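To be precise, the following lines are run_35.tsv, and they hold TSV, C-alpha atoms.
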```
chain	number	residue	atom	x	y	z
F	2	GLN	CA	-17.02	-6.20	2.72
F	3	GLN	CA	-13.86	-4.32	1.81
F	4	GLN	CA	-11.84	-5.46	4.81
F	5	VAL	CA	-8.68	-7.49	4.79
F	6	LYS	CA	-7.76	-8.83	8.22
F	7	GLN	CA	-4.10	-9.61	8.94
F	8	SER	CA	-2.42	-11.47	11.80
F	9	PRO	CA	-0.27	-11.51	13.80
F	10	GLN	CA	0.48	-7.85	14.49
F	11	SER	CA	4.10	-8.68	15.31
F	12	LEU	CA	6.31	-11.72	14.97
F	13	ILE	CA	9.79	-12.58	16.23
F	14	VAL	CA	11.70	-15.57	14.86
F	15	GLN	CA	15.25	-16.84	14.94
F	16	LYS	CA	17.41	-16.79	11.82
F	17	GLY	CA	16.50	-19.76	9.66
F	18	GLY	CA	12.95	-19.96	11.03
F	19	ILE	CA	9.81	-19.87	8.88
F	20	PRO	CA	7.55	-16.96	9.82
F	21	ILE	CA	3.97	-17.26	8.62
F	22	ILE	CA	1.65	-14.28	8.22
F	23	ASN	CA	-2.05	-14.81	7.65
F	24	CYS	CA	-4.75	-12.74	5.95
F	25	ALA	CA	-8.47	-13.17	5.44
F	26	TYR	CA	-10.81	-11.26	3.17
F	27	GLU	CA	-14.56	-10.91	2.83
F	28	ASN	CA	-15.26	-9.58	-0.66
F	29	THR	CA	-15.22	-12.38	-3.22
F	30	ALA	CA	-14.82	-9.80	-5.98
F	31	PHE	CA	-11.14	-9.35	-5.06
F	32	ASP	CA	-9.06	-10.85	-7.87
F	33	TYR	CA	-5.44	-9.99	-7.08
F	34	PHE	CA	-3.64	-10.54	-3.77
F	35	PRO	CA	-0.21	-8.94	-3.35
F	36	TRP	CA	2.15	-8.84	-0.41
F	37	TYR	CA	4.19	-5.71	0.22
F	38	GLN	CA	7.38	-5.33	2.23
F	39	GLN	CA	8.16	-2.03	3.93
F	40	PHE	CA	11.39	-0.96	5.60
F	41	PRO	CA	11.44	1.99	8.04
F	42	GLY	CA	11.27	5.33	6.26
F	43	LYS	CA	10.52	3.72	2.88
F	44	GLY	CA	7.44	3.13	0.80
F	45	PRO	CA	5.93	-0.36	0.46
F	46	ALA	CA	7.48	-2.51	-2.28
F	47	LEU	CA	5.82	-5.45	-3.99
F	48	LEU	CA	7.20	-8.77	-2.75
F	49	ILE	CA	5.00	-11.40	-4.37
F	50	ALA	CA	1.41	-11.64	-5.62
F	51	ILE	CA	-1.15	-14.28	-6.50
F	52	ARG	CA	-4.45	-14.57	-8.34
F	53	PRO	CA	-7.32	-16.67	-6.92
F	54	ASP	CA	-7.10	-19.38	-9.59
F	55	VAL	CA	-3.75	-20.52	-8.14
F	56	SER	CA	-3.33	-22.23	-4.74
F	57	GLU	CA	0.38	-21.56	-4.24
F	58	LYS	CA	3.11	-19.37	-5.66
F	59	LYS	CA	6.81	-19.40	-4.84
F	60	GLU	CA	9.41	-16.75	-5.57
F	61	GLY	CA	12.77	-17.46	-4.03
F	62	ARG	CA	12.30	-17.86	-0.27
F	63	PHE	CA	8.80	-16.37	-0.31
F	64	THR	CA	5.65	-18.47	-0.79
F	65	ILE	CA	1.99	-17.47	-0.90
F	66	SER	CA	-0.60	-20.09	-0.04
F	67	PHE	CA	-4.14	-19.29	-1.16
F	68	ASN	CA	-7.38	-20.95	0.00
F	69	LYS	CA	-10.22	-19.58	-2.11
F	70	SER	CA	-13.02	-21.46	-0.32
F	71	ALA	CA	-11.87	-20.19	3.09
F	72	LYS	CA	-11.09	-16.71	1.70
F	73	GLN	CA	-7.67	-16.82	3.31
F	74	PHE	CA	-4.10	-16.44	2.12
F	75	SER	CA	-0.75	-16.52	3.85
F	76	LEU	CA	2.89	-15.61	3.36
F	77	HIS	CA	5.68	-18.01	4.34
F	78	ILE	CA	9.31	-16.92	4.45
F	79	MET	CA	11.70	-19.85	4.21
F	80	ASP	CA	15.15	-19.69	5.85
F	81	SER	CA	14.44	-16.20	7.22
F	82	GLN	CA	17.34	-13.77	7.54
F	83	PRO	CA	17.88	-10.65	9.69
F	84	GLY	CA	17.60	-8.62	6.48
F	85	ASP	CA	13.98	-9.81	6.20
F	86	SER	CA	13.12	-7.76	9.31
F	87	ALA	CA	10.47	-5.36	8.04
F	88	THR	CA	6.74	-4.71	8.08
F	89	TYR	CA	4.71	-6.92	5.77
F	90	PHE	CA	1.31	-5.97	4.40
F	91	CYS	CA	-1.15	-8.20	2.62
F	92	ALA	CA	-3.54	-6.52	0.23
F	93	ALA	CA	-6.35	-7.26	-2.18
F	94	SER	CA	-7.59	-5.43	-5.23
F	95	ARG	CA	-10.56	-5.46	-7.54
F	96	GLY	CA	-12.14	-3.35	-10.21
F	97	SER	CA	-10.81	-1.58	-13.24
F	98	ALA	CA	-8.91	1.03	-11.18
F	99	ARG	CA	-7.07	-1.68	-9.18
F	100	GLN	CA	-7.44	0.08	-5.83
F	101	LEU	CA	-5.69	-1.80	-3.05
F	102	THR	CA	-7.28	-2.68	0.29
F	103	PHE	CA	-4.53	-3.32	2.81
F	104	GLY	CA	-4.28	-5.43	5.92
F	105	SER	CA	-3.04	-3.75	9.09
F	106	GLY	CA	0.53	-5.02	8.76
F	107	THR	CA	2.86	-7.43	10.56
F	108	GLN	CA	6.14	-6.26	12.02
F	109	LEU	CA	8.62	-9.10	11.55
F	110	THR	CA	11.88	-9.31	13.49
F	111	VAL	CA	14.41	-11.99	12.57
F	112	LEU	CA	17.00	-12.45	15.29
F	113	PRO	CA	20.60	-13.27	14.26
V	6	ASN	CA	13.91	6.25	-14.12
V	7	ALA	CA	13.21	7.92	-10.78
V	8	GLY	CA	9.89	6.04	-10.33
V	9	VAL	CA	7.42	7.81	-8.03
V	10	THR	CA	8.78	10.99	-6.43
V	11	GLN	CA	7.06	12.72	-3.52
V	12	THR	CA	7.84	16.12	-2.04
V	13	PRO	CA	8.29	17.22	0.66
V	14	LYS	CA	9.56	14.32	2.77
V	15	PHE	CA	8.59	15.98	6.05
V	16	ARG	CA	6.30	18.85	6.95
V	17	ILE	CA	4.84	20.38	10.09
V	18	LEU	CA	1.62	22.34	9.65
V	19	LYS	CA	-0.39	24.40	12.07
V	20	ILE	CA	-4.10	23.71	12.45
V	21	GLY	CA	-6.05	25.49	9.72
V	22	GLN	CA	-3.10	25.88	7.34
V	23	SER	CA	-3.17	24.53	3.80
V	24	MET	CA	-0.59	22.67	1.77
V	25	THR	CA	-0.10	20.57	-1.32
V	26	LEU	CA	1.72	17.26	-1.33
V	27	GLN	CA	3.41	16.76	-4.67
V	28	CYS	CA	3.65	13.46	-6.53
V	29	THR	CA	5.16	12.81	-9.93
V	30	GLN	CA	5.96	9.59	-11.79
V	31	ASP	CA	8.10	9.03	-14.88
V	32	MET	CA	6.88	5.53	-15.81
V	33	ASN	CA	3.98	6.70	-18.00
V	34	HIS	CA	1.54	4.93	-15.68
V	35	ASN	CA	-2.17	5.48	-16.23
V	36	TYR	CA	-3.28	4.98	-12.65
V	37	MET	CA	-2.21	7.00	-9.65
V	38	TYR	CA	-3.24	6.79	-5.99
V	39	TRP	CA	-2.91	8.54	-2.66
V	40	TYR	CA	-2.83	6.49	0.54
V	41	ARG	CA	-2.36	7.48	4.15
V	42	GLN	CA	-0.66	5.23	6.69
V	43	ASP	CA	-1.47	5.49	10.37
V	44	PRO	CA	0.33	3.38	12.99
V	45	GLY	CA	-1.12	-0.13	13.22
V	46	MET	CA	-3.80	0.67	10.64
V	47	GLY	CA	-2.29	-0.28	7.30
V	48	LEU	CA	-2.77	2.02	4.32
V	49	LYS	CA	-6.08	3.63	3.49
V	50	LEU	CA	-6.96	4.95	0.02
V	51	ILE	CA	-7.72	8.68	-0.10
V	52	TYR	CA	-8.16	9.40	-3.82
V	53	TYR	CA	-7.23	7.78	-7.09
V	54	SER	CA	-7.06	8.65	-10.77
V	55	VAL	CA	-7.29	6.45	-13.85
V	56	GLY	CA	-5.98	9.11	-16.22
V	57	ALA	CA	-5.52	12.82	-16.80
V	58	GLY	CA	-8.69	14.70	-15.89
V	59	ILE	CA	-10.29	11.73	-14.10
V	60	THR	CA	-10.27	11.40	-10.31
V	61	ASP	CA	-12.41	9.59	-7.77
V	62	LYS	CA	-12.77	9.25	-4.01
V	63	GLY	CA	-11.33	6.39	-2.05
V	64	GLU	CA	-12.11	5.19	1.45
V	65	VAL	CA	-11.06	8.34	3.40
V	66	PRO	CA	-11.41	11.43	1.14
V	67	ASN	CA	-12.76	13.98	3.64
V	68	GLY	CA	-10.46	16.98	4.08
V	69	TYR	CA	-8.53	16.36	0.87
V	70	ASN	CA	-8.70	17.31	-2.79
V	71	VAL	CA	-6.82	16.13	-5.85
V	72	SER	CA	-6.34	17.06	-9.47
V	73	ARG	CA	-4.72	15.30	-12.43
V	74	SER	CA	-3.94	17.66	-15.26
V	75	THR	CA	-1.10	15.52	-16.69
V	76	THR	CA	-0.25	11.82	-16.76
V	77	GLU	CA	2.85	12.44	-14.62
V	78	ASP	CA	1.53	14.56	-11.74
V	79	PHE	CA	-1.08	13.88	-9.05
V	80	PRO	CA	-0.96	16.49	-6.25
V	81	LEU	CA	-2.93	16.10	-3.01
V	82	ARG	CA	-4.32	19.25	-1.41
V	83	LEU	CA	-5.12	19.74	2.28
V	84	GLU	CA	-7.26	22.86	2.67
V	85	LEU	CA	-7.74	23.24	6.45
V	86	ALA	CA	-5.27	21.01	8.24
V	87	ALA	CA	-6.54	19.18	11.32
V	88	PRO	CA	-4.64	17.04	13.86
V	89	SER	CA	-6.48	13.98	12.50
V	90	GLN	CA	-4.53	14.44	9.25
V	91	THR	CA	-1.24	13.74	10.98
V	92	SER	CA	-0.04	10.70	9.06
V	93	VAL	CA	2.41	9.38	6.50
V	94	TYR	CA	1.14	9.91	2.97
V	95	PHE	CA	2.12	7.65	0.08
V	96	CYS	CA	1.58	8.22	-3.60
V	97	ALA	CA	1.55	5.20	-5.90
V	98	SER	CA	1.13	4.45	-9.59
V	99	SER	CA	0.42	1.46	-11.78
V	100	LEU	CA	-0.23	0.50	-15.38
V	101	ARG	CA	-3.76	-0.21	-16.58
V	102	SER	CA	-2.59	-3.54	-17.96
V	103	PHE	CA	-0.60	-4.70	-14.93
V	104	PRO	CA	-1.75	-4.40	-11.32
V	105	GLU	CA	1.59	-3.92	-9.54
V	106	ALA	CA	1.60	-0.59	-7.70
V	107	PHE	CA	4.85	1.34	-7.25
V	108	PHE	CA	5.05	3.55	-4.19
V	109	GLY	CA	6.92	6.75	-3.45
V	110	GLN	CA	9.04	7.25	-0.33
V	111	GLY	CA	6.24	9.00	1.54
V	112	THR	CA	5.58	12.39	3.14
V	113	ARG	CA	5.44	12.51	6.92
V	114	LEU	CA	2.98	15.23	7.90
V	115	THR	CA	2.41	16.50	11.43
V	116	VAL	CA	-0.44	18.92	12.21
V	117	VAL	CA	-0.04	20.81	15.49
```

If you convert what's in this file into structure tokens, what do you get?
Amino acid sequence: QQQVKQSPQSLIVQKGGIPIINCAYENTAFDYFPWYQQFPGKGPALLIAIRPDVSEKKEGRFTISFNKSAKQFSLHIMDSQPGDSATYFCAASRGSARQLTFGSGTQLTVLP
Amino acid sequence: NAGVTQTPKFRILKIGQSMTLQCTQDMNHNYMYWYRQDPGMGLKLIYYSVGAGITDKGEVPNGYNVSRSTTEDFPLRLELAAPSQTSVYFCASSLRSFPEAFFGQGTRLTVV
């Protein structure tokens, strides 16, 4: 019940396109859902996060959509740029120690 | 602030050797974590700590040990290195009151 499933594994879009990355979770005790962005040779960095009492959150060009009943959430990147090319991880956390359970990652390539 | 600092950045170990991966943070964060990242697998939690003197196992603790004698430092010990421990290791920290986790740059370990 600790799994977070992420798709697709890789994604290629043209500049200006809107890549969408999807995640699904099983454990309803998760109460915080962040997305992390990772560039090669770097550690993951928090991009945007949402709590399950909110259905959508926007920060700049990044939007999380959250469907509590379906136990799914997704990341949309508006007007994608080549600089957005990176690996994106969804995650979920619960409990007092806030341990993160990560999805398997999506390698995004934005073509110029 | 340097954030989360990990040393070394790269290391090659022979089977059966031991080593300690160092992690220190200067943000006065209560919580610290060790994750390993294998290709296509996302990040898996090895150990975590909610404060000095308190540690607990994560999802994949076998073959590792940790200690937390100070708020700042959270070293990860590999006692008898095995090829299965070839991975990229990330240390992270967060505040008790805020769930965002900050990651170090990682240590790439190869066991041959």

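Residues with any atom within 9 Å of the point (-0.9, -26.9, -4.5), counting all atoms listed in the file, are Val55, Ser56, Glu57, Lys58, Ser66 and Phe67 of chain F.
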
Kindly provide the residues of chain F that approach chain V to within 9 Å, each paired with its closest atom pair and their distance in Å to one decimal, based on all atoms listed in the file, listed by chain and increasing number, as a tab-separated table.
```
residue	atom	partner	partner_atom	distance
F:Gln10	CA	V:Gly45	CA	8.0
F:Tyr33	CA	V:Pro104	CA	7.9
F:Pro35	CA	V:Glu105	CA	8.2
F:Gly42	CA	V:Gln110	CA	7.2
F:Lys43	CA	V:Gln110	CA	5.0
F:Gly44	CA	V:Gln110	CA	4.6
F:Pro45	CA	V:Phe108	CA	6.1
F:Ala46	CA	V:Phe108	CA	6.8
F:Leu47	CA	V:Glu105	CA	7.1
F:Ala50	CA	V:Glu105	CA	8.7
F:Phe90	CA	V:Gly47	CA	7.3
F:Ser94	CA	V:Pro104	CA	8.5
F:Ser97	CA	V:Arg101	CA	7.9
F:Ala98	CA	V:Val55	CA	6.3
F:Arg99	CA	V:Pro104	CA	6.3
F:Gln100	CA	V:Leu50	CA	7.6
F:Leu101	CA	V:Leu50	CA	7.5
F:Thr102	CA	V:Lys49	CA	7.2
F:Phe103	CA	V:Leu48	CA	5.8
F:Gly104	CA	V:Gly47	CA	5.7
F:Ser105	CA	V:Gly47	CA	4.0
F:Gly106	CA	V:Gly47	CA	5.7
F:Thr107	CA	V:Gly45	CA	8.7
```

Check your understanding: Any idea what the distance is between CA of Gly8 (chain V) and CA of Phe34 (chain F)?
Key -> 22.4 Å

Review point. Got a sec: who's within 12 Å of Ile20 (chain V), counting all atoms listed in the file, leaving out chain neighbours fewer than 6 positions off, as an MDAnalysis selection string?
Key: chainID V and resid 83:91 114:117

Check your understanding: Could you work out how far CA of Ser75 (chain F) lies from CA of Lys62 (chain V), giving the answer in Å with one decimal?
Key -> 29.5 Å

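Going from CA of Thr88 (chain F) over to CA of Leu12 (chain F), you cover 9.8 Å.
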
**Study point:** Within 8 Å of file point (14.8, -4.1, 7.6), counting all atoms listed in the file, expressed as an MDAnalysis selection string
**Key:** chainID F and resid 39:41 83:87

Let me see the file: selected residues, C-alpha atoms, as a compact mmCIF listing (two decimals), keeping the file's coordinate frame.
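Heads up, here's the output in again-v1.txt:
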```txt
# COMPACT_ATOMS: atom_id res chain seq x y z
CA GLN F 39 8.16 -2.03 3.93
CA PHE F 40 11.39 -0.96 5.60
CA PRO F 41 11.44 1.99 8.04
CA PRO F 83 17.88 -10.65 9.69
CA GLY F 84 17.60 -8.62 6.48
CA ASP F 85 13.98 -9.81 6.20
CA SER F 86 13.12 -7.76 9.31
CA ALA F 87 10.47 -5.36 8.04
```

Exercise for review: Give me the residues within 10 Å of Ala71 (chain F) as number ranges by chain, counting all atoms listed in the file and dropping any in the same chain fewer than 5 places off.
Suggested key: F: 25-27

Could you dump the residues just selected with C-alpha atoms as an mmCIF file, in the frame of the given file?
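Written out: selection.cif:
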```cif
data_model
loop_
_atom_site.group_PDB
_atom_site.id
_atom_site.type_symbol
_atom_site.label_atom_id
_atom_site.label_comp_id
_atom_site.auth_asym_id
_atom_site.auth_seq_id
_atom_site.Cartn_x
_atom_site.Cartn_y
_atom_site.Cartn_z
ATOM 1 C CA ALA F 25 -8.470 -13.170 5.440
ATOM 2 C CA TYR F 26 -10.810 -11.260 3.170
ATOM 3 C CA GLU F 27 -14.560 -10.910 2.830
#
```

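Shortest atom-to-atom contact with Phe15 (chain V) among V:Asn67, V:Asn33, V:Ser98, V:Ser92: V:Ser92, counting only C-alpha atoms.
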
Point to revise | Given all atoms listed in the file as the counted atoms, nearest of F:Ser81, F:Asn68, F:Gln108, F:Gln38 to Ser8 (chain F) | key: F:Gln108

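Considering the residues V:Arg41, V:Gln27, V:Arg16, V:Thr10 and counting all atoms listed in the file, Arg73 (chain V) has its shortest atom-to-atom contact with V:Gln27.
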
Since fewer atoms than expected are present, regenerate N, CA and C atoms for region 46-62 of chain F and write them as a CSV table (one decimal), keeping the file's coordinate frame.
```
chain,number,residue,atom,x,y,z
F,46,ALA,N,7.0,-2.0,-1.0
F,46,ALA,CA,7.5,-2.5,-2.3
F,46,ALA,C,6.9,-3.9,-2.5
F,47,LEU,N,6.4,-4.2,-3.7
F,47,LEU,CA,5.8,-5.4,-4.0
F,47,LEU,C,6.8,-6.6,-3.8
F,48,LEU,N,6.4,-7.6,-3.0
F,48,LEU,CA,7.2,-8.8,-2.8
F,48,LEU,C,6.8,-9.9,-3.6
F,49,ILE,N,5.5,-10.3,-3.6
F,49,ILE,CA,5.0,-11.4,-4.4
F,49,ILE,C,3.5,-11.2,-4.4
F,50,ALA,N,2.9,-11.8,-5.5
F,50,ALA,CA,1.4,-11.6,-5.6
F,50,ALA,C,0.8,-12.9,-6.2
F,51,ILE,N,-0.5,-13.1,-6.0
F,51,ILE,CA,-1.2,-14.3,-6.5
F,51,ILE,C,-2.6,-13.9,-7.0
F,52,ARG,N,-3.1,-14.7,-7.9
F,52,ARG,CA,-4.4,-14.6,-8.3
F,52,ARG,C,-5.2,-15.8,-7.8
F,53,PRO,N,-6.5,-15.6,-7.6
F,53,PRO,CA,-7.3,-16.7,-6.9
F,53,PRO,C,-7.5,-18.0,-7.7
F,54,ASP,N,-7.0,-18.1,-8.9
F,54,ASP,CA,-7.1,-19.4,-9.6
F,54,ASP,C,-5.9,-20.2,-9.3
F,55,VAL,N,-5.0,-19.8,-8.5
F,55,VAL,CA,-3.8,-20.5,-8.1
F,55,VAL,C,-3.7,-20.7,-6.6
F,56,SER,N,-3.3,-21.9,-6.2
F,56,SER,CA,-3.3,-22.2,-4.7
F,56,SER,C,-2.0,-21.9,-4.1
F,57,GLU,N,-0.9,-21.8,-4.8
F,57,GLU,CA,0.4,-21.6,-4.2
F,57,GLU,C,1.3,-20.9,-5.3
F,58,LYS,N,2.1,-20.0,-4.8
F,58,LYS,CA,3.1,-19.4,-5.7
F,58,LYS,C,4.4,-19.2,-4.9
F,59,LYS,N,5.5,-19.6,-5.5
F,59,LYS,CA,6.8,-19.4,-4.8
F,59,LYS,C,7.7,-18.5,-5.7
F,60,GLU,N,8.4,-17.6,-4.9
F,60,GLU,CA,9.4,-16.8,-5.6
F,60,GLU,C,10.6,-16.7,-4.6
F,61,GLY,N,11.6,-17.4,-4.9
F,61,GLY,CA,12.8,-17.5,-4.0
F,61,GLY,C,12.4,-18.1,-2.7
F,62,ARG,N,12.6,-17.3,-1.6
F,62,ARG,CA,12.3,-17.9,-0.3
F,62,ARG,C,10.9,-17.5,0.2
```
